[in-house]
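What follows is work.cif (mmCIF, N, CA and C atoms).
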data_entry
#
loop_
_atom_site.label_atom_id
_atom_site.label_comp_id
_atom_site.auth_asym_id
_atom_site.auth_seq_id
_atom_site.Cartn_x
_atom_site.Cartn_y
_atom_site.Cartn_z
N GLY K 22 -209.86 50.37 67.00
CA GLY K 22 -208.95 50.97 66.09
C GLY K 22 -207.99 50.00 65.46
N PHE K 23 -208.11 48.70 65.75
CA PHE K 23 -207.20 47.72 65.18
C PHE K 23 -207.54 47.44 63.73
N GLU K 24 -206.52 47.44 62.90
CA GLU K 24 -206.70 47.09 61.49
C GLU K 24 -205.88 45.85 61.19
N THR K 25 -206.48 44.90 60.50
CA THR K 25 -205.79 43.67 60.12
C THR K 25 -204.63 44.02 59.19
N TYR K 26 -203.47 43.44 59.46
CA TYR K 26 -202.30 43.68 58.63
C TYR K 26 -202.19 42.53 57.64
N THR K 27 -202.28 42.82 56.35
CA THR K 27 -202.37 41.76 55.35
C THR K 27 -201.11 41.58 54.51
N TYR K 28 -200.13 42.44 54.68
CA TYR K 28 -198.93 42.35 53.85
C TYR K 28 -198.00 41.24 54.32
N THR K 29 -197.45 40.52 53.36
CA THR K 29 -196.49 39.46 53.68
C THR K 29 -195.13 39.73 53.04
N ASP K 30 -195.06 40.71 52.16
CA ASP K 30 -193.84 41.03 51.42
C ASP K 30 -193.43 42.47 51.69
N ALA K 31 -192.18 42.66 52.11
CA ALA K 31 -191.69 44.00 52.45
C ALA K 31 -191.67 44.94 51.24
N GLU K 32 -191.37 44.42 50.07
CA GLU K 32 -191.31 45.28 48.88
C GLU K 32 -192.70 45.79 48.52
N VAL K 33 -193.69 44.92 48.59
CA VAL K 33 -195.07 45.33 48.28
C VAL K 33 -195.55 46.32 49.33
N ALA K 34 -195.32 46.01 50.59
CA ALA K 34 -195.70 46.93 51.67
C ALA K 34 -195.01 48.27 51.48
N GLY K 35 -193.75 48.24 51.10
CA GLY K 35 -192.99 49.46 50.89
C GLY K 35 -193.57 50.35 49.81
N ARG K 36 -194.11 49.72 48.77
CA ARG K 36 -194.71 50.48 47.67
C ARG K 36 -196.12 50.97 48.02
N GLU K 37 -196.87 50.17 48.76
CA GLU K 37 -198.29 50.46 48.94
C GLU K 37 -198.63 51.20 50.24
N LEU K 38 -197.87 50.98 51.30
CA LEU K 38 -198.18 51.64 52.57
C LEU K 38 -197.65 53.06 52.56
N LYS K 39 -198.49 53.98 52.95
CA LYS K 39 -198.10 55.39 53.04
C LYS K 39 -198.16 55.80 54.50
N ASN K 40 -197.14 56.51 54.94
CA ASN K 40 -197.03 56.94 56.32
C ASN K 40 -198.04 58.07 56.58
N PRO K 41 -199.07 57.79 57.39
CA PRO K 41 -200.06 58.83 57.66
C PRO K 41 -199.51 59.94 58.55
N MET K 42 -198.33 59.71 59.13
CA MET K 42 -197.72 60.71 60.01
C MET K 42 -196.43 61.27 59.42
N ALA K 43 -196.23 61.07 58.13
CA ALA K 43 -195.01 61.55 57.47
C ALA K 43 -194.81 63.03 57.75
N GLY K 44 -193.62 63.37 58.14
CA GLY K 44 -193.30 64.76 58.40
C GLY K 44 -193.76 65.26 59.75
N ASP K 45 -194.43 64.41 60.54
CA ASP K 45 -194.88 64.83 61.87
C ASP K 45 -193.70 64.69 62.84
N ASN K 46 -192.91 65.72 62.89
CA ASN K 46 -191.75 65.73 63.77
C ASN K 46 -191.99 66.62 64.97
N GLY K 47 -193.27 66.75 65.33
CA GLY K 47 -193.60 67.52 66.52
C GLY K 47 -193.03 66.84 67.75
N GLN K 48 -192.82 67.62 68.78
CA GLN K 48 -192.20 67.15 70.03
C GLN K 48 -192.90 65.91 70.59
N GLU K 49 -194.22 65.95 70.67
CA GLU K 49 -194.96 64.85 71.27
C GLU K 49 -194.83 63.57 70.43
N ALA K 50 -194.98 63.68 69.12
CA ALA K 50 -194.88 62.51 68.25
C ALA K 50 -193.49 61.90 68.32
N LEU K 51 -192.46 62.73 68.28
CA LEU K 51 -191.09 62.22 68.36
C LEU K 51 -190.82 61.58 69.72
N MET K 52 -191.37 62.14 70.78
CA MET K 52 -191.15 61.57 72.11
C MET K 52 -191.80 60.19 72.24
N VAL K 53 -192.97 60.01 71.65
CA VAL K 53 -193.62 58.69 71.67
C VAL K 53 -192.78 57.71 70.85
N GLY K 54 -192.35 58.13 69.66
CA GLY K 54 -191.50 57.28 68.83
C GLY K 54 -190.21 56.92 69.54
N GLN K 55 -189.61 57.89 70.21
CA GLN K 55 -188.37 57.65 70.95
C GLN K 55 -188.60 56.66 72.10
N LYS K 56 -189.68 56.83 72.83
CA LYS K 56 -189.99 55.92 73.94
C LYS K 56 -190.16 54.49 73.43
N MET K 57 -190.92 54.32 72.36
CA MET K 57 -191.13 52.98 71.79
C MET K 57 -189.82 52.40 71.26
N TYR K 58 -189.02 53.25 70.61
CA TYR K 58 -187.72 52.81 70.09
C TYR K 58 -186.82 52.36 71.24
N GLU K 59 -186.70 53.19 72.27
CA GLU K 59 -185.81 52.86 73.39
C GLU K 59 -186.28 51.63 74.16
N THR K 60 -187.57 51.39 74.18
CA THR K 60 -188.12 50.23 74.87
C THR K 60 -187.93 48.95 74.07
N ASN K 61 -188.08 49.03 72.75
CA ASN K 61 -188.13 47.82 71.93
C ASN K 61 -186.96 47.62 70.97
N CYS K 62 -186.34 48.68 70.51
CA CYS K 62 -185.37 48.58 69.41
C CYS K 62 -183.92 48.82 69.84
N MET K 63 -183.76 49.68 70.83
CA MET K 63 -182.43 50.14 71.23
C MET K 63 -181.49 49.00 71.64
N ILE K 64 -181.99 47.98 72.29
CA ILE K 64 -181.13 46.92 72.78
C ILE K 64 -180.33 46.27 71.64
N CYS K 65 -180.93 46.19 70.46
CA CYS K 65 -180.24 45.59 69.32
C CYS K 65 -179.63 46.64 68.38
N HIS K 66 -180.36 47.72 68.14
CA HIS K 66 -179.92 48.70 67.14
C HIS K 66 -179.15 49.87 67.72
N GLY K 67 -178.99 49.92 69.04
CA GLY K 67 -178.21 50.98 69.66
C GLY K 67 -179.01 52.24 69.92
N MET K 68 -178.50 53.06 70.81
CA MET K 68 -179.17 54.29 71.24
C MET K 68 -179.48 55.23 70.08
N HIS K 69 -178.57 55.28 69.11
CA HIS K 69 -178.73 56.21 67.99
C HIS K 69 -178.94 55.50 66.66
N GLY K 70 -179.27 54.20 66.70
CA GLY K 70 -179.54 53.45 65.48
C GLY K 70 -178.31 52.88 64.81
N GLU K 71 -177.15 52.96 65.49
CA GLU K 71 -175.90 52.56 64.87
C GLU K 71 -175.70 51.05 64.74
N GLY K 72 -176.44 50.25 65.53
CA GLY K 72 -176.36 48.80 65.43
C GLY K 72 -174.96 48.27 65.66
N GLY K 73 -174.66 47.12 65.06
CA GLY K 73 -173.34 46.51 65.15
C GLY K 73 -172.83 46.37 66.55
N GLU K 74 -171.57 46.71 66.76
CA GLU K 74 -170.92 46.57 68.07
C GLU K 74 -171.45 47.54 69.11
N LYS K 75 -172.19 48.55 68.69
CA LYS K 75 -172.70 49.55 69.63
C LYS K 75 -173.94 49.07 70.38
N SER K 76 -174.51 47.96 69.95
CA SER K 76 -175.73 47.49 70.60
C SER K 76 -175.40 46.72 71.87
N THR K 77 -176.37 46.67 72.75
CA THR K 77 -176.21 45.99 74.04
C THR K 77 -176.01 44.49 73.87
N VAL K 78 -176.69 43.90 72.89
CA VAL K 78 -176.66 42.44 72.74
C VAL K 78 -175.57 41.95 71.79
N ALA K 79 -174.88 42.85 71.11
CA ALA K 79 -173.89 42.46 70.11
C ALA K 79 -172.86 41.44 70.60
N PRO K 80 -172.32 41.59 71.82
CA PRO K 80 -171.33 40.61 72.26
C PRO K 80 -171.86 39.17 72.35
N PHE K 81 -173.16 39.03 72.40
CA PHE K 81 -173.77 37.71 72.57
C PHE K 81 -174.34 37.14 71.27
N MET K 82 -174.19 37.87 70.17
CA MET K 82 -174.80 37.46 68.91
C MET K 82 -173.76 37.17 67.84
N ALA K 83 -173.99 36.11 67.10
CA ALA K 83 -173.11 35.79 65.97
C ALA K 83 -173.33 36.80 64.84
N LEU K 84 -174.58 37.13 64.58
CA LEU K 84 -174.92 38.13 63.58
C LEU K 84 -175.18 39.45 64.29
N LYS K 85 -174.44 40.46 63.95
CA LYS K 85 -174.59 41.77 64.59
C LYS K 85 -175.82 42.48 64.03
N PRO K 86 -176.60 43.12 64.89
CA PRO K 86 -177.77 43.87 64.41
C PRO K 86 -177.33 44.98 63.45
N PRO K 87 -178.09 45.17 62.36
CA PRO K 87 -177.69 46.17 61.38
C PRO K 87 -177.91 47.60 61.86
N SER K 88 -177.16 48.48 61.26
CA SER K 88 -177.32 49.91 61.53
C SER K 88 -178.56 50.41 60.82
N LEU K 89 -179.35 51.19 61.50
CA LEU K 89 -180.51 51.82 60.89
C LEU K 89 -180.11 53.09 60.15
N LEU K 90 -178.83 53.43 60.23
CA LEU K 90 -178.30 54.63 59.60
C LEU K 90 -177.65 54.32 58.25
N SER K 91 -177.62 53.05 57.88
CA SER K 91 -176.96 52.63 56.64
C SER K 91 -177.70 53.16 55.41
N ASP K 92 -177.00 53.22 54.29
CA ASP K 92 -177.63 53.65 53.04
C ASP K 92 -178.78 52.72 52.68
N LYS K 93 -178.60 51.41 52.95
CA LYS K 93 -179.64 50.43 52.63
C LYS K 93 -180.94 50.75 53.36
N VAL K 94 -180.88 50.89 54.66
CA VAL K 94 -182.10 51.15 55.45
C VAL K 94 -182.61 52.56 55.18
N ASN K 95 -181.71 53.50 55.00
CA ASN K 95 -182.11 54.88 54.69
C ASN K 95 -182.88 54.93 53.37
N GLY K 96 -182.57 54.01 52.47
CA GLY K 96 -183.25 53.96 51.17
C GLY K 96 -184.60 53.28 51.19
N TRP K 97 -184.91 52.60 52.28
CA TRP K 97 -186.22 51.96 52.38
C TRP K 97 -187.31 53.02 52.50
N SER K 98 -188.46 52.72 51.97
CA SER K 98 -189.61 53.61 52.15
C SER K 98 -190.11 53.47 53.59
N ASP K 99 -190.93 54.41 54.01
CA ASP K 99 -191.52 54.31 55.34
C ASP K 99 -192.36 53.04 55.48
N GLY K 100 -193.06 52.67 54.42
CA GLY K 100 -193.87 51.45 54.44
C GLY K 100 -193.03 50.20 54.63
N HIS K 101 -191.86 50.18 54.03
CA HIS K 101 -190.94 49.05 54.18
C HIS K 101 -190.49 48.95 55.64
N LEU K 102 -190.09 50.08 56.22
CA LEU K 102 -189.69 50.10 57.64
C LEU K 102 -190.84 49.63 58.53
N TYR K 103 -192.04 50.14 58.28
CA TYR K 103 -193.21 49.76 59.06
C TYR K 103 -193.43 48.24 58.98
N HIS K 104 -193.26 47.70 57.78
CA HIS K 104 -193.44 46.26 57.58
C HIS K 104 -192.42 45.46 58.39
N VAL K 105 -191.17 45.87 58.37
CA VAL K 105 -190.13 45.16 59.11
C VAL K 105 -190.42 45.23 60.61
N ILE K 106 -190.85 46.37 61.10
CA ILE K 106 -191.21 46.49 62.52
C ILE K 106 -192.37 45.53 62.83
N THR K 107 -193.34 45.48 61.97
CA THR K 107 -194.54 44.68 62.19
C THR K 107 -194.28 43.18 62.07
N MET K 108 -193.60 42.78 61.00
CA MET K 108 -193.45 41.35 60.68
C MET K 108 -192.08 40.76 60.99
N GLY K 109 -191.10 41.62 61.25
CA GLY K 109 -189.75 41.13 61.48
C GLY K 109 -189.03 40.89 60.17
N GLN K 110 -187.73 40.57 60.29
CA GLN K 110 -186.91 40.28 59.11
C GLN K 110 -185.64 39.60 59.56
N GLY K 111 -185.21 38.59 58.83
CA GLY K 111 -184.00 37.86 59.22
C GLY K 111 -184.15 37.29 60.61
N VAL K 112 -183.18 37.55 61.49
CA VAL K 112 -183.25 37.02 62.86
C VAL K 112 -184.12 37.88 63.77
N MET K 113 -184.55 39.04 63.30
CA MET K 113 -185.44 39.89 64.09
C MET K 113 -186.87 39.39 63.97
N GLY K 114 -187.47 39.13 65.10
CA GLY K 114 -188.85 38.69 65.11
C GLY K 114 -189.81 39.85 64.94
N PRO K 115 -191.09 39.55 64.80
CA PRO K 115 -192.09 40.60 64.65
C PRO K 115 -192.31 41.38 65.94
N TYR K 116 -192.56 42.66 65.79
CA TYR K 116 -192.85 43.51 66.95
C TYR K 116 -194.30 43.99 66.96
N ALA K 117 -195.14 43.33 66.18
CA ALA K 117 -196.56 43.70 66.13
C ALA K 117 -197.22 43.60 67.49
N SER K 118 -196.81 42.63 68.29
CA SER K 118 -197.42 42.47 69.61
C SER K 118 -196.73 43.32 70.68
N HIS K 119 -195.59 43.90 70.36
CA HIS K 119 -194.84 44.72 71.32
C HIS K 119 -195.09 46.21 71.16
N ILE K 120 -195.23 46.64 69.91
CA ILE K 120 -195.43 48.06 69.62
C ILE K 120 -196.85 48.21 69.08
N PRO K 121 -197.72 48.87 69.83
CA PRO K 121 -199.10 49.03 69.36
C PRO K 121 -199.14 49.66 67.97
N GLN K 122 -200.11 49.20 67.21
CA GLN K 122 -200.27 49.63 65.83
C GLN K 122 -200.20 51.16 65.68
N LYS K 123 -200.85 51.88 66.57
CA LYS K 123 -200.92 53.33 66.43
C LYS K 123 -199.58 54.02 66.69
N TYR K 124 -198.60 53.29 67.25
CA TYR K 124 -197.30 53.89 67.55
C TYR K 124 -196.20 53.50 66.54
N ARG K 125 -196.46 52.52 65.70
CA ARG K 125 -195.40 52.06 64.79
C ARG K 125 -194.95 53.13 63.82
N TRP K 126 -195.88 53.95 63.33
CA TRP K 126 -195.48 55.03 62.42
C TRP K 126 -194.64 56.06 63.16
N GLN K 127 -194.88 56.24 64.43
CA GLN K 127 -194.06 57.17 65.21
C GLN K 127 -192.65 56.62 65.39
N VAL K 128 -192.51 55.30 65.48
CA VAL K 128 -191.18 54.70 65.52
C VAL K 128 -190.48 54.92 64.18
N VAL K 129 -191.20 54.73 63.09
CA VAL K 129 -190.64 55.00 61.76
C VAL K 129 -190.14 56.44 61.69
N ASN K 130 -190.96 57.38 62.15
CA ASN K 130 -190.56 58.79 62.11
C ASN K 130 -189.36 59.06 63.02
N TYR K 131 -189.28 58.37 64.14
CA TYR K 131 -188.12 58.55 65.02
C TYR K 131 -186.86 57.99 64.37
N ILE K 132 -186.98 56.86 63.67
CA ILE K 132 -185.81 56.33 62.95
C ILE K 132 -185.37 57.32 61.88
N ARG K 133 -186.32 57.94 61.19
CA ARG K 133 -185.98 58.97 60.19
C ARG K 133 -185.27 60.15 60.86
N PHE K 134 -185.72 60.51 62.05
CA PHE K 134 -185.07 61.58 62.82
C PHE K 134 -183.62 61.19 63.13
N LEU K 135 -183.40 59.96 63.57
CA LEU K 135 -182.03 59.50 63.86
C LEU K 135 -181.17 59.54 62.60
N GLN K 136 -181.74 59.13 61.46
CA GLN K 136 -180.98 59.13 60.21
C GLN K 136 -180.57 60.54 59.81
N LYS K 137 -181.42 61.50 60.05
CA LYS K 137 -181.10 62.89 59.68
C LYS K 137 -180.09 63.52 60.62
N HIS K 138 -180.01 63.02 61.84
CA HIS K 138 -179.14 63.63 62.85
C HIS K 138 -177.97 62.75 63.22
N LYS K 139 -177.53 61.91 62.30
CA LYS K 139 -176.39 61.02 62.61
C LYS K 139 -175.09 61.76 62.64
#
What do you get writing this file as structure tokens?
Amino acid sequence: GFETYTYTDAEVAGRELKNPMAGDNGQEALMVGQKMYETNCMICHGMHGEGGEKSTVAPFMALKPPSLLSDKVNGWSDGHLYHVITMGQGVMGPYASHIPQKYRWQVVNYIRFLQKHK
């Protein structure tokens, strides 16, 4: 089930990638997304996506992890978010080897859930 990821630009990925699980906010899908988020993302972006000083690692970092609840990130397409999770951005490294391909869209959907319930 592995598919080669060919995108190198977040803007292009954002325009071309479509979330095959868009709107799948079922209990099971959200729980998988939440588990992957809490395992891989929470340490930097915080329990509820707030980032900044709310993250576990913030006291040790010169650059504070961004909030996933910001207007900037909220304005990204699902494909853009998927790309950042896969390839990394800025000081964040890629999570392609940490979050299995089949679960990354569920993480995107969980981030959307956090944005709606901030």
Exercise. Which one of K:Gly70, K:Gly96, K:Pro87, K:Pro41 sits closest to Gln55 (chain K) if you count only C-alpha atoms?
Worked result: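 Of K:Gly70, K:Gly96, K:Pro87, K:Pro41, the one nearest Gln55 (chain K), counting only C-alpha atoms, is K:Gly70.
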For this session: Excluding region 23-35 of chain K and any residue of its chain fewer than 4 positions from it, enumerate the residues within 6.5 Å of it, using all atoms listed in the file, and give them as a list in words.
Result: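 Skipping anything fewer than 4 positions along the chain leaves Ser98, Asp99, Gly100, His101, Leu102, His104 and Val105 of chain K.
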Go ahead and save the residues from that selection, with N, CA and C atoms, as a compact mmCIF listing (two decimals), in the coordinates of the input.
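For reference, again_12.txt as written:
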# COMPACT_ATOMS: atom_id res chain seq x y z
N SER K 98 -188.46 52.72 51.97
CA SER K 98 -189.61 53.61 52.15
C SER K 98 -190.11 53.47 53.59
N ASP K 99 -190.93 54.41 54.01
CA ASP K 99 -191.52 54.31 55.34
C ASP K 99 -192.36 53.04 55.48
N GLY K 100 -193.06 52.67 54.42
CA GLY K 100 -193.87 51.45 54.44
C GLY K 100 -193.03 50.20 54.63
N HIS K 101 -191.86 50.18 54.03
CA HIS K 101 -190.94 49.05 54.18
C HIS K 101 -190.49 48.95 55.64
N LEU K 102 -190.09 50.08 56.22
CA LEU K 102 -189.69 50.10 57.64
C LEU K 102 -190.84 49.63 58.53
N HIS K 104 -193.26 47.70 57.78
CA HIS K 104 -193.44 46.26 57.58
C HIS K 104 -192.42 45.46 58.39
N VAL K 105 -191.17 45.87 58.37
CA VAL K 105 -190.13 45.16 59.11
C VAL K 105 -190.42 45.23 60.61
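The neighbours of region 76-81 of chain K here are the residues that come within 7 Å of it, using all atoms listed in the file and leaving out any residue fewer than 4 positions away in the same chain; they are Met63, Ile64, Cys65, His66, Gly67, Met68, Glu71, Gly72, Lys85 and Pro86 of chain K.
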Problem set entry | Counting only C-alpha atoms, the option among K:Tyr103, K:Gly109, K:Tyr131, K:Lys75 closest to Glu37 (chain K) |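 That would be K:Tyr103, the residue with the smallest distance to Glu37 (chain K).
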Exercise. Quick one: distance from atom N of Val112 (chain K) to atom C of Phe134 (chain K) in Å, one decimal?
Worked result: 23.7 Å
Target residues per the PyMOL selection byres ((chain K and resi 135) around 8), formatted as a PDB file with N, CA and C atoms, in the frame of the given file:
ATOM      1  N   MET K  68    -178.500  53.060  70.810  1.00  0.00           N
ATOM      2  CA  MET K  68    -179.170  54.290  71.240  1.00  0.00           C
ATOM      3  C   MET K  68    -179.480  55.230  70.080  1.00  0.00           C
ATOM      4  N   HIS K  69    -178.570  55.280  69.110  1.00  0.00           N
ATOM      5  CA  HIS K  69    -178.730  56.210  67.990  1.00  0.00           C
ATOM      6  C   HIS K  69    -178.940  55.500  66.660  1.00  0.00           C
ATOM      7  N   GLY K  70    -179.270  54.200  66.700  1.00  0.00           N
ATOM      8  CA  GLY K  70    -179.540  53.450  65.480  1.00  0.00           C
ATOM      9  C   GLY K  70    -178.310  52.880  64.810  1.00  0.00           C
ATOM     10  N   LEU K  89    -179.350  51.190  61.500  1.00  0.00           N
ATOM     11  CA  LEU K  89    -180.510  51.820  60.890  1.00  0.00           C
ATOM     12  C   LEU K  89    -180.110  53.090  60.150  1.00  0.00           C
ATOM     13  N   LEU K  90    -178.830  53.430  60.230  1.00  0.00           N
ATOM     14  CA  LEU K  90    -178.300  54.630  59.600  1.00  0.00           C
ATOM     15  C   LEU K  90    -177.650  54.320  58.250  1.00  0.00           C
ATOM     16  N   VAL K 129    -191.200  54.730  63.090  1.00  0.00           N
ATOM     17  CA  VAL K 129    -190.640  55.000  61.760  1.00  0.00           C
ATOM     18  C   VAL K 129    -190.140  56.440  61.690  1.00  0.00           C
ATOM     19  N   ASN K 130    -190.960  57.380  62.150  1.00  0.00           N
ATOM     20  CA  ASN K 130    -190.560  58.790  62.110  1.00  0.00           C
ATOM     21  C   ASN K 130    -189.360  59.060  63.020  1.00  0.00           C
ATOM     22  N   TYR K 131    -189.280  58.370  64.140  1.00  0.00           N
ATOM     23  CA  TYR K 131    -188.120  58.550  65.020  1.00  0.00           C
ATOM     24  C   TYR K 131    -186.860  57.990  64.370  1.00  0.00           C
ATOM     25  N   ILE K 132    -186.980  56.860  63.670  1.00  0.00           N
ATOM     26  CA  ILE K 132    -185.810  56.330  62.950  1.00  0.00           C
ATOM     27  C   ILE K 132    -185.370  57.320  61.880  1.00  0.00           C
ATOM     28  N   ARG K 133    -186.320  57.940  61.190  1.00  0.00           N
ATOM     29  CA  ARG K 133    -185.980  58.970  60.190  1.00  0.00           C
ATOM     30  C   ARG K 133    -185.270  60.150  60.860  1.00  0.00           C
ATOM     31  N   PHE K 134    -185.720  60.510  62.050  1.00  0.00           N
ATOM     32  CA  PHE K 134    -185.070  61.580  62.820  1.00  0.00           C
ATOM     33  C   PHE K 134    -183.620  61.190  63.130  1.00  0.00           C
ATOM     34  N   GLN K 136    -181.740  59.130  61.460  1.00  0.00           N
ATOM     35  CA  GLN K 136    -180.980  59.130  60.210  1.00  0.00           C
ATOM     36  C   GLN K 136    -180.570  60.540  59.810  1.00  0.00           C
ATOM     37  N   LYS K 137    -181.420  61.500  60.050  1.00  0.00           N
ATOM     38  CA  LYS K 137    -181.100  62.890  59.680  1.00  0.00           C
ATOM     39  C   LYS K 137    -180.090  63.520  60.620  1.00  0.00           C
ATOM     40  N   HIS K 138    -180.010  63.020  61.840  1.00  0.00           N
ATOM     41  CA  HIS K 138    -179.140  63.630  62.850  1.00  0.00           C
ATOM     42  C   HIS K 138    -177.970  62.750  63.220  1.00  0.00           C
ATOM     43  N   LYS K 139    -177.530  61.910  62.300  1.00  0.00           N
ATOM     44  CA  LYS K 139    -176.390  61.020  62.610  1.00  0.00           C
ATOM     45  C   LYS K 139    -175.090  61.760  62.640  1.00  0.00           C
TER      46      LYS K 139
END
